[in-house]
file my_file03.cif (mmCIF, C-alpha atoms; chains and numbers go by the auth columns)
data_coords
loop_
_atom_site.group_PDB
_atom_site.id
_atom_site.type_symbol
_atom_site.label_atom_id
_atom_site.label_comp_id
_atom_site.label_asym_id
_atom_site.label_seq_id
_atom_site.Cartn_x
_atom_site.Cartn_y
_atom_site.Cartn_z
_atom_site.B_iso_or_equiv
_atom_site.auth_seq_id
_atom_site.auth_asym_id
ATOM 1 C CA MET A 1 -199.414 41.752 -156.457 0.00 1 D
ATOM 2 C CA SER A 2 -196.981 39.997 -158.778 0.00 2 D
ATOM 3 C CA ILE A 3 -195.335 36.746 -157.744 0.00 3 D
ATOM 4 C CA THR A 4 -191.846 38.291 -158.005 0.00 4 D
ATOM 5 C CA GLY A 5 -192.767 41.726 -156.662 0.00 5 D
ATOM 6 C CA ASP A 6 -194.111 45.134 -157.586 0.00 6 D
ATOM 7 C CA CYS A 7 -192.772 48.562 -158.416 0.00 7 D
ATOM 8 C CA TYR A 8 -194.806 51.747 -157.995 0.00 8 D
ATOM 9 C CA VAL A 9 -193.463 55.017 -159.390 0.00 9 D
ATOM 10 C CA GLY A 10 -194.501 58.603 -158.848 0.00 10 D
ATOM 11 C CA SER A 11 -193.016 61.993 -159.658 0.00 11 D
ATOM 12 C CA TYR A 12 -192.769 65.132 -157.549 0.00 12 D
ATOM 13 C CA GLU A 13 -191.353 68.320 -159.077 0.00 13 D
ATOM 14 C CA GLY A 14 -189.118 66.278 -161.397 0.00 14 D
ATOM 15 C CA HIS A 15 -187.940 63.818 -158.725 0.00 15 D
ATOM 16 C CA VAL A 16 -188.732 60.130 -159.256 0.00 16 D
ATOM 17 C CA ILE A 17 -190.019 58.299 -156.185 0.00 17 D
ATOM 18 C CA GLU A 18 -190.281 54.495 -156.255 0.00 18 D
ATOM 19 C CA LEU A 19 -191.675 51.912 -153.861 0.00 19 D
ATOM 20 C CA VAL A 20 -190.229 48.507 -154.777 0.00 20 D
ATOM 21 C CA ARG A 21 -191.352 45.194 -153.307 0.00 21 D
ATOM 22 C CA ASN A 22 -189.062 42.235 -154.007 0.00 22 D
ATOM 23 C CA ASN A 23 -190.799 38.979 -153.093 0.00 23 D
ATOM 24 C CA TRP A 24 -187.689 36.865 -153.726 0.00 24 D
ATOM 25 C CA ASP A 25 -185.491 38.787 -151.275 0.00 25 D
ATOM 26 C CA LYS A 26 -188.450 39.745 -149.023 0.00 26 D
ATOM 27 C CA ILE A 27 -187.502 43.443 -149.017 0.00 27 D
ATOM 28 C CA LEU A 28 -189.539 46.643 -149.426 0.00 28 D
ATOM 29 C CA LYS A 29 -187.474 49.628 -150.615 0.00 29 D
ATOM 30 C CA LEU A 30 -188.070 53.357 -150.997 0.00 30 D
ATOM 31 C CA LEU A 31 -185.980 54.982 -153.725 0.00 31 D
ATOM 32 C CA ILE A 32 -185.690 58.679 -154.549 0.00 32 D
ATOM 33 C CA ASP A 33 -184.061 59.554 -157.876 0.00 33 D
ATOM 34 C CA GLY A 34 -182.722 55.990 -158.110 0.00 34 D
ATOM 35 C CA GLN A 35 -181.046 56.067 -154.682 0.00 35 D
ATOM 36 C CA GLU A 36 -182.276 53.765 -151.923 0.00 36 D
ATOM 37 C CA VAL A 37 -183.205 55.909 -148.915 0.00 37 D
ATOM 38 C CA ALA A 38 -184.994 53.303 -146.761 0.00 38 D
ATOM 39 C CA SER A 39 -185.776 49.598 -146.744 0.00 39 D
ATOM 40 C CA GLU A 40 -187.167 46.929 -144.464 0.00 40 D
ATOM 41 C CA SER A 41 -187.328 43.161 -144.473 0.00 41 D
ATOM 42 C CA ARG A 42 -190.773 41.701 -144.965 0.00 42 D
ATOM 43 C CA ILE A 43 -190.191 38.011 -144.288 0.00 43 D
ATOM 44 C CA LEU A 44 -193.477 37.865 -142.384 0.00 44 D
ATOM 45 C CA PRO A 45 -196.406 40.030 -143.512 0.00 45 D
ATOM 46 C CA HIS A 46 -196.656 43.190 -141.416 0.00 46 D
ATOM 47 C CA ASP A 47 -197.336 46.901 -141.840 0.00 47 D
ATOM 48 C CA ILE A 48 -194.258 48.847 -142.925 0.00 48 D
ATOM 49 C CA THR A 49 -193.514 52.586 -142.915 0.00 49 D
ATOM 50 C CA LEU A 50 -190.438 53.850 -144.763 0.00 50 D
ATOM 51 C CA ILE A 51 -189.247 57.454 -144.440 0.00 51 D
ATOM 52 C CA GLY A 52 -186.861 59.416 -146.637 0.00 52 D
ATOM 53 C CA GLU A 53 -186.046 62.982 -147.614 0.00 53 D
ATOM 54 C CA PHE A 54 -184.847 64.917 -150.616 0.00 54 D
ATOM 55 C CA GLU A 55 -184.009 68.525 -151.346 0.00 55 D
ATOM 56 C CA HIS A 56 -185.567 70.597 -154.130 0.00 56 D
ATOM 57 C CA ASN A 57 -184.780 74.307 -154.607 0.00 57 D
ATOM 58 C CA HIS A 58 -183.107 74.432 -151.173 0.00 58 D
ATOM 59 C CA VAL A 59 -186.230 73.027 -149.467 0.00 59 D
ATOM 60 C CA ARG A 60 -186.220 69.592 -147.785 0.00 60 D
ATOM 61 C CA HIS A 61 -189.203 67.362 -148.511 0.00 61 D
ATOM 62 C CA ARG A 62 -190.234 64.402 -146.359 0.00 62 D
ATOM 63 C CA VAL A 63 -191.376 61.209 -148.103 0.00 63 D
ATOM 64 C CA VAL A 64 -193.401 58.604 -146.183 0.00 64 D
ATOM 65 C CA ALA A 65 -194.207 55.280 -147.837 0.00 65 D
ATOM 66 C CA LYS A 66 -196.652 52.892 -146.173 0.00 66 D
ATOM 67 C CA ALA A 67 -197.484 49.284 -146.946 0.00 67 D
ATOM 68 C CA VAL A 68 -200.495 48.141 -144.944 0.00 68 D
ATOM 69 C CA SER A 69 -200.572 44.353 -144.938 0.00 69 D
ATOM 70 C CA HIS A 70 -203.670 42.277 -145.613 0.00 70 D
ATOM 71 C CA PHE A 71 -203.812 38.489 -145.807 0.00 71 D
ATOM 72 C CA LEU A 72 -202.347 38.075 -149.324 0.00 72 D
ATOM 73 C CA SER A 73 -201.961 41.677 -150.414 0.00 73 D
ATOM 74 C CA SER A 74 -201.133 45.154 -149.188 0.00 74 D
ATOM 75 C CA ASP A 75 -202.272 48.728 -149.737 0.00 75 D
ATOM 76 C CA ASP A 76 -199.315 50.907 -150.720 0.00 76 D
ATOM 77 C CA THR A 77 -199.206 54.697 -150.444 0.00 77 D
ATOM 78 C CA VAL A 78 -196.515 57.348 -150.724 0.00 78 D
ATOM 79 C CA GLU A 79 -196.862 60.859 -149.318 0.00 79 D
ATOM 80 C CA VAL A 80 -194.646 63.872 -149.925 0.00 80 D
ATOM 81 C CA ASP A 81 -194.957 66.507 -147.201 0.00 81 D
ATOM 82 C CA GLY A 82 -198.249 64.919 -146.097 0.00 82 D
ATOM 83 C CA GLU A 83 -199.901 64.850 -149.532 0.00 83 D
ATOM 84 C CA GLU A 84 -200.509 61.528 -151.240 0.00 84 D
ATOM 85 C CA LEU A 85 -198.481 61.040 -154.406 0.00 85 D
ATOM 86 C CA PRO A 86 -200.237 59.353 -157.365 0.00 86 D
ATOM 87 C CA LEU A 87 -198.398 56.128 -158.188 0.00 87 D
ATOM 88 C CA ASN A 88 -198.228 54.046 -161.369 0.00 88 D
ATOM 89 C CA LYS A 89 -197.505 50.337 -161.248 0.00 89 D
ATOM 90 C CA VAL A 90 -194.651 49.603 -163.659 0.00 90 D
ATOM 91 C CA LYS A 91 -193.775 45.981 -162.881 0.00 91 D
#
call {"tool": "encode", "arguments": {"input": "my_file03.cif", "output": "structure tokens"}}
result
Amino acid sequence: MSITGDCYVGSYEGHVIELVRNNWDKILKLLIDGQEVASESRILPHDITLIGEFEHNHVRHRVVAKAVSHFLSSDDTVEVDGEELPLNKVK
């Protein structure tokens, strides 16, 4: 985990899905195609689940991002329709 935060990016059928942790503002955000769809304050370490949706070819897809807190770190995952999305750390 970076001192200023982290950004994890994945792609699903051409849609960009990002999980962004900002340690300065103490916010965890879920973005789909650059649009914020969910966020939560993380002033104190705790488990967070963010949920969003997007449409592709007239089908709605559910995105669930989870940050499971550990003492000084967290395990981050993103699922699209129940399947884990591979993420790349970009920041």
call {"tool": "resolve_selection", "arguments": {"input": "my_file03.cif", "expression": "the PyMOL selection byres ((chain D and resi 50) around 7)", "output": "list of chain:residue names"}}
result
D:Leu30, D:Ala38, D:Ser39, D:Ile48, D:Thr49, D:Ile51, D:Gly52, D:Val64, D:Ala65, D:Lys66
call {"tool": "write_last_selection", "arguments": {"input": "my_file03.cif", "atoms": "C-alpha atoms", "output": "PDB file, keeping the file's coordinate frame"}}
result
ATOM      1  CA  LEU D  30    -188.070  53.357-150.997  1.00  0.00           C
ATOM      2  CA  ALA D  38    -184.994  53.303-146.761  1.00  0.00           C
ATOM      3  CA  SER D  39    -185.776  49.598-146.744  1.00  0.00           C
ATOM      4  CA  ILE D  48    -194.258  48.847-142.925  1.00  0.00           C
ATOM      5  CA  THR D  49    -193.514  52.586-142.915  1.00  0.00           C
ATOM      6  CA  ILE D  51    -189.247  57.454-144.440  1.00  0.00           C
ATOM      7  CA  GLY D  52    -186.861  59.416-146.637  1.00  0.00           C
ATOM      8  CA  VAL D  64    -193.401  58.604-146.183  1.00  0.00           C
ATOM      9  CA  ALA D  65    -194.207  55.280-147.837  1.00  0.00           C
ATOM     10  CA  LYS D  66    -196.652  52.892-146.173  1.00  0.00           C
TER      11      LYS D  66
END
call {"tool": "resolve_selection", "arguments": {"input": "my_file03.cif", "expression": "the PyMOL selection byres ((chain D and resi 87) around 10)", "output": "compact mmCIF listing (two decimals) with C-alpha atoms, keeping the file's coordinate frame"}}
result
# COMPACT_ATOMS: atom_id res chain seq x y z
CA CYS D 7 -192.77 48.56 -158.42
CA TYR D 8 -194.81 51.75 -158.00
CA VAL D 9 -193.46 55.02 -159.39
CA GLY D 10 -194.50 58.60 -158.85
CA SER D 11 -193.02 61.99 -159.66
CA ILE D 17 -190.02 58.30 -156.18
CA GLU D 18 -190.28 54.50 -156.26
CA LEU D 19 -191.68 51.91 -153.86
CA ASP D 76 -199.32 50.91 -150.72
CA THR D 77 -199.21 54.70 -150.44
CA VAL D 78 -196.52 57.35 -150.72
CA GLU D 84 -200.51 61.53 -151.24
CA LEU D 85 -198.48 61.04 -154.41
CA PRO D 86 -200.24 59.35 -157.36
CA ASN D 88 -198.23 54.05 -161.37
CA LYS D 89 -197.50 50.34 -161.25
CA VAL D 90 -194.65 49.60 -163.66
call {"tool": "atom_distance", "arguments": {"input": "my_file03.cif", "atom1": "CA of Asp75 (chain D)", "atom2": "CA of Val59 (chain D)"}}
result
29.1 Å
call {"tool": "atom_distance", "arguments": {"input": "my_file03.cif", "atom1": "CA of Arg21 (chain D)", "atom2": "CA of Gln35 (chain D)"}}
result
15.0 Å
call {"tool": "residues_around", "arguments": {"input": "my_file03.cif", "residues": "Ile43 (chain D)", "least_positions_apart": "3", "cutoff": "10 Å", "atoms": "only C-alpha atoms", "output": "compact mmCIF listing (two decimals) with C-alpha atoms, in the frame of the given file"}}
result
# COMPACT_ATOMS: atom_id res chain seq x y z
CA ASN D 23 -190.80 38.98 -153.09
CA TRP D 24 -187.69 36.86 -153.73
CA ASP D 25 -185.49 38.79 -151.28
CA LYS D 26 -188.45 39.74 -149.02
CA ILE D 27 -187.50 43.44 -149.02
CA GLU D 40 -187.17 46.93 -144.46
CA HIS D 46 -196.66 43.19 -141.42
call {"tool": "closest_residue", "arguments": {"input": "my_file03.cif", "among": "D:Gly14, D:Val20, D:Gly5, D:His70", "to": "Glu55 (chain D)", "atoms": "only C-alpha atoms"}}
result
D:Gly14
call {"tool": "resolve_selection", "arguments": {"input": "my_file03.cif", "expression": "the PyMOL selection byres ((chain D and resi 33) around 8)", "output": "list of chain:residue names"}}
result
D:His15, D:Val16, D:Ile17, D:Leu31, D:Ile32, D:Gly34, D:Gln35
call {"tool": "atom_distance", "arguments": {"input": "my_file03.cif", "atom1": "CA of Leu44 (chain D)", "atom2": "CA of Val68 (chain D)"}}
result
12.7 Å
call {"tool": "closest_residue", "arguments": {"input": "my_file03.cif", "among": "D:Lys29, D:Val37, D:Asp47, D:Val80", "to": "Arg60 (chain D)", "atoms": "all atoms listed in the file"}}
result
D:Val80
call {"tool": "closest_residue", "arguments": {"input": "my_file03.cif", "among": "D:Ser74, D:Glu83, D:Thr4, D:Ser41", "to": "Arg62 (chain D)", "atoms": "all atoms listed in the file"}}
result
D:Glu83
call {"tool": "closest_residue", "arguments": {"input": "my_file03.cif", "among": "D:Glu36, D:Pro45, D:Glu53, D:Ser69", "to": "Asp81 (chain D)", "atoms": "only C-alpha atoms"}}
result
D:Glu53
call {"tool": "decode", "arguments": {"input": "my_file03.cif", "residues": "region 9-45 of chain D", "atoms": "N, CA and C atoms", "output": "PDB file, in the first residue's frame"}}
result
ATOM      1  N   VAL D   9      -6.882  -1.340 -11.413  1.00  0.00           N
ATOM      2  CA  VAL D   9      -7.683  -1.209 -12.629  1.00  0.00           C
ATOM      3  C   VAL D   9      -7.877  -2.575 -13.274  1.00  0.00           C
ATOM      4  N   GLY D  10      -9.101  -2.821 -13.706  1.00  0.00           N
ATOM      5  CA  GLY D  10      -9.420  -4.016 -14.455  1.00  0.00           C
ATOM      6  C   GLY D  10     -10.325  -3.652 -15.626  1.00  0.00           C
ATOM      7  N   SER D  11     -10.496  -4.590 -16.542  1.00  0.00           N
ATOM      8  CA  SER D  11     -11.324  -4.343 -17.715  1.00  0.00           C
ATOM      9  C   SER D  11     -12.291  -5.502 -17.895  1.00  0.00           C
ATOM     10  N   TYR D  12     -13.532  -5.153 -18.240  1.00  0.00           N
ATOM     11  CA  TYR D  12     -14.556  -6.159 -18.497  1.00  0.00           C
ATOM     12  C   TYR D  12     -15.318  -5.764 -19.748  1.00  0.00           C
ATOM     13  N   GLU D  13     -15.139  -6.531 -20.809  1.00  0.00           N
ATOM     14  CA  GLU D  13     -15.815  -6.297 -22.089  1.00  0.00           C
ATOM     15  C   GLU D  13     -15.695  -4.837 -22.535  1.00  0.00           C
ATOM     16  N   GLY D  14     -14.481  -4.286 -22.388  1.00  0.00           N
ATOM     17  CA  GLY D  14     -14.205  -2.923 -22.840  1.00  0.00           C
ATOM     18  C   GLY D  14     -14.524  -1.836 -21.830  1.00  0.00           C
ATOM     19  N   HIS D  15     -15.080  -2.187 -20.685  1.00  0.00           N
ATOM     20  CA  HIS D  15     -15.385  -1.215 -19.636  1.00  0.00           C
ATOM     21  C   HIS D  15     -14.245  -1.217 -18.613  1.00  0.00           C
ATOM     22  N   VAL D  16     -13.805  -0.030 -18.223  1.00  0.00           N
ATOM     23  CA  VAL D  16     -12.717   0.111 -17.262  1.00  0.00           C
ATOM     24  C   VAL D  16     -13.310   0.236 -15.862  1.00  0.00           C
ATOM     25  N   ILE D  17     -12.839  -0.629 -14.962  1.00  0.00           N
ATOM     26  CA  ILE D  17     -13.310  -0.643 -13.585  1.00  0.00           C
ATOM     27  C   ILE D  17     -12.117  -0.348 -12.686  1.00  0.00           C
ATOM     28  N   GLU D  18     -12.266   0.663 -11.814  1.00  0.00           N
ATOM     29  CA  GLU D  18     -11.165   1.094 -10.954  1.00  0.00           C
ATOM     30  C   GLU D  18     -11.595   1.078  -9.491  1.00  0.00           C
ATOM     31  N   LEU D  19     -10.671   0.672  -8.637  1.00  0.00           N
ATOM     32  CA  LEU D  19     -10.840   0.769  -7.194  1.00  0.00           C
ATOM     33  C   LEU D  19      -9.719   1.689  -6.714  1.00  0.00           C
ATOM     34  N   VAL D  20     -10.101   2.862  -6.194  1.00  0.00           N
ATOM     35  CA  VAL D  20      -9.131   3.899  -5.852  1.00  0.00           C
ATOM     36  C   VAL D  20      -9.187   4.184  -4.356  1.00  0.00           C
ATOM     37  N   ARG D  21      -8.028   4.057  -3.713  1.00  0.00           N
ATOM     38  CA  ARG D  21      -7.908   4.358  -2.290  1.00  0.00           C
ATOM     39  C   ARG D  21      -7.090   5.636  -2.157  1.00  0.00           C
ATOM     40  N   ASN D  22      -7.677   6.665  -1.544  1.00  0.00           N
ATOM     41  CA  ASN D  22      -6.990   7.924  -1.322  1.00  0.00           C
ATOM     42  C   ASN D  22      -6.720   8.045   0.177  1.00  0.00           C
ATOM     43  N   ASN D  23      -5.450   7.915   0.564  1.00  0.00           N
ATOM     44  CA  ASN D  23      -5.108   7.950   1.980  1.00  0.00           C
ATOM     45  C   ASN D  23      -5.106   9.368   2.550  1.00  0.00           C
ATOM     46  N   TRP D  24      -5.010  10.379   1.707  1.00  0.00           N
ATOM     47  CA  TRP D  24      -5.072  11.757   2.203  1.00  0.00           C
ATOM     48  C   TRP D  24      -6.495  12.126   2.587  1.00  0.00           C
ATOM     49  N   ASP D  25      -7.460  11.805   1.725  1.00  0.00           N
ATOM     50  CA  ASP D  25      -8.861  12.126   1.987  1.00  0.00           C
ATOM     51  C   ASP D  25      -9.594  11.017   2.743  1.00  0.00           C
ATOM     52  N   LYS D  26      -8.924   9.865   2.915  1.00  0.00           N
ATOM     53  CA  LYS D  26      -9.512   8.713   3.621  1.00  0.00           C
ATOM     54  C   LYS D  26     -10.795   8.231   2.957  1.00  0.00           C
ATOM     55  N   ILE D  27     -10.725   8.036   1.625  1.00  0.00           N
ATOM     56  CA  ILE D  27     -11.890   7.617   0.843  1.00  0.00           C
ATOM     57  C   ILE D  27     -11.503   6.416  -0.035  1.00  0.00           C
ATOM     58  N   LEU D  28     -12.408   5.458  -0.156  1.00  0.00           N
ATOM     59  CA  LEU D  28     -12.273   4.361  -1.109  1.00  0.00           C
ATOM     60  C   LEU D  28     -13.377   4.546  -2.136  1.00  0.00           C
ATOM     61  N   LYS D  29     -13.011   4.546  -3.429  1.00  0.00           N
ATOM     62  CA  LYS D  29     -13.980   4.802  -4.497  1.00  0.00           C
ATOM     63  C   LYS D  29     -13.991   3.656  -5.501  1.00  0.00           C
ATOM     64  N   LEU D  30     -15.171   3.398  -6.049  1.00  0.00           N
ATOM     65  CA  LEU D  30     -15.354   2.475  -7.164  1.00  0.00           C
ATOM     66  C   LEU D  30     -15.761   3.307  -8.366  1.00  0.00           C
ATOM     67  N   LEU D  31     -14.977   3.212  -9.443  1.00  0.00           N
ATOM     68  CA  LEU D  31     -15.283   3.939 -10.672  1.00  0.00           C
ATOM     69  C   LEU D  31     -15.508   2.954 -11.808  1.00  0.00           C
ATOM     70  N   ILE D  32     -16.499   3.239 -12.642  1.00  0.00           N
ATOM     71  CA  ILE D  32     -16.758   2.457 -13.844  1.00  0.00           C
ATOM     72  C   ILE D  32     -16.732   3.424 -15.011  1.00  0.00           C
ATOM     73  N   ASP D  33     -15.841   3.164 -15.964  1.00  0.00           N
ATOM     74  CA  ASP D  33     -15.654   4.038 -17.126  1.00  0.00           C
ATOM     75  C   ASP D  33     -15.432   5.493 -16.708  1.00  0.00           C
ATOM     76  N   GLY D  34     -14.646   5.690 -15.637  1.00  0.00           N
ATOM     77  CA  GLY D  34     -14.291   7.024 -15.183  1.00  0.00           C
ATOM     78  C   GLY D  34     -15.326   7.714 -14.330  1.00  0.00           C
ATOM     79  N   GLN D  35     -16.487   7.108 -14.134  1.00  0.00           N
ATOM     80  CA  GLN D  35     -17.559   7.702 -13.334  1.00  0.00           C
ATOM     81  C   GLN D  35     -17.599   7.033 -11.957  1.00  0.00           C
ATOM     82  N   GLU D  36     -17.608   7.843 -10.906  1.00  0.00           N
ATOM     83  CA  GLU D  36     -17.717   7.298  -9.561  1.00  0.00           C
ATOM     84  C   GLU D  36     -19.120   6.738  -9.350  1.00  0.00           C
ATOM     85  N   VAL D  37     -19.199   5.459  -8.975  1.00  0.00           N
ATOM     86  CA  VAL D  37     -20.500   4.827  -8.748  1.00  0.00           C
ATOM     87  C   VAL D  37     -20.732   4.510  -7.275  1.00  0.00           C
ATOM     88  N   ALA D  38     -19.663   4.483  -6.467  1.00  0.00           N
ATOM     89  CA  ALA D  38     -19.803   4.231  -5.034  1.00  0.00           C
ATOM     90  C   ALA D  38     -18.529   4.682  -4.334  1.00  0.00           C
ATOM     91  N   SER D  39     -18.686   5.105  -3.085  1.00  0.00           N
ATOM     92  CA  SER D  39     -17.517   5.465  -2.278  1.00  0.00           C
ATOM     93  C   SER D  39     -17.886   5.360  -0.805  1.00  0.00           C
ATOM     94  N   GLU D  40     -16.852   5.261   0.019  1.00  0.00           N
ATOM     95  CA  GLU D  40     -17.069   5.209   1.462  1.00  0.00           C
ATOM     96  C   GLU D  40     -15.844   5.767   2.169  1.00  0.00           C
ATOM     97  N   SER D  41     -16.106   6.471   3.256  1.00  0.00           N
ATOM     98  CA  SER D  41     -15.034   7.000   4.084  1.00  0.00           C
ATOM     99  C   SER D  41     -14.317   5.852   4.783  1.00  0.00           C
ATOM    100  N   ARG D  42     -13.026   5.987   4.927  1.00  0.00           N
ATOM    101  CA  ARG D  42     -12.262   4.962   5.635  1.00  0.00           C
ATOM    102  C   ARG D  42     -11.336   5.614   6.649  1.00  0.00           C
ATOM    103  N   ILE D  43     -11.896   6.514   7.451  1.00  0.00           N
ATOM    104  CA  ILE D  43     -11.110   7.198   8.480  1.00  0.00           C
ATOM    105  C   ILE D  43     -10.503   6.182   9.440  1.00  0.00           C
ATOM    106  N   LEU D  44     -11.289   5.238   9.896  1.00  0.00           N
ATOM    107  CA  LEU D  44     -10.786   4.144  10.718  1.00  0.00           C
ATOM    108  C   LEU D  44     -10.774   2.876   9.870  1.00  0.00           C
ATOM    109  N   PRO D  45      -9.745   2.047  10.007  1.00  0.00           N
ATOM    110  CA  PRO D  45      -9.693   0.813   9.218  1.00  0.00           C
ATOM    111  C   PRO D  45     -10.897  -0.089   9.503  1.00  0.00           C
TER     112      PRO D  45
END
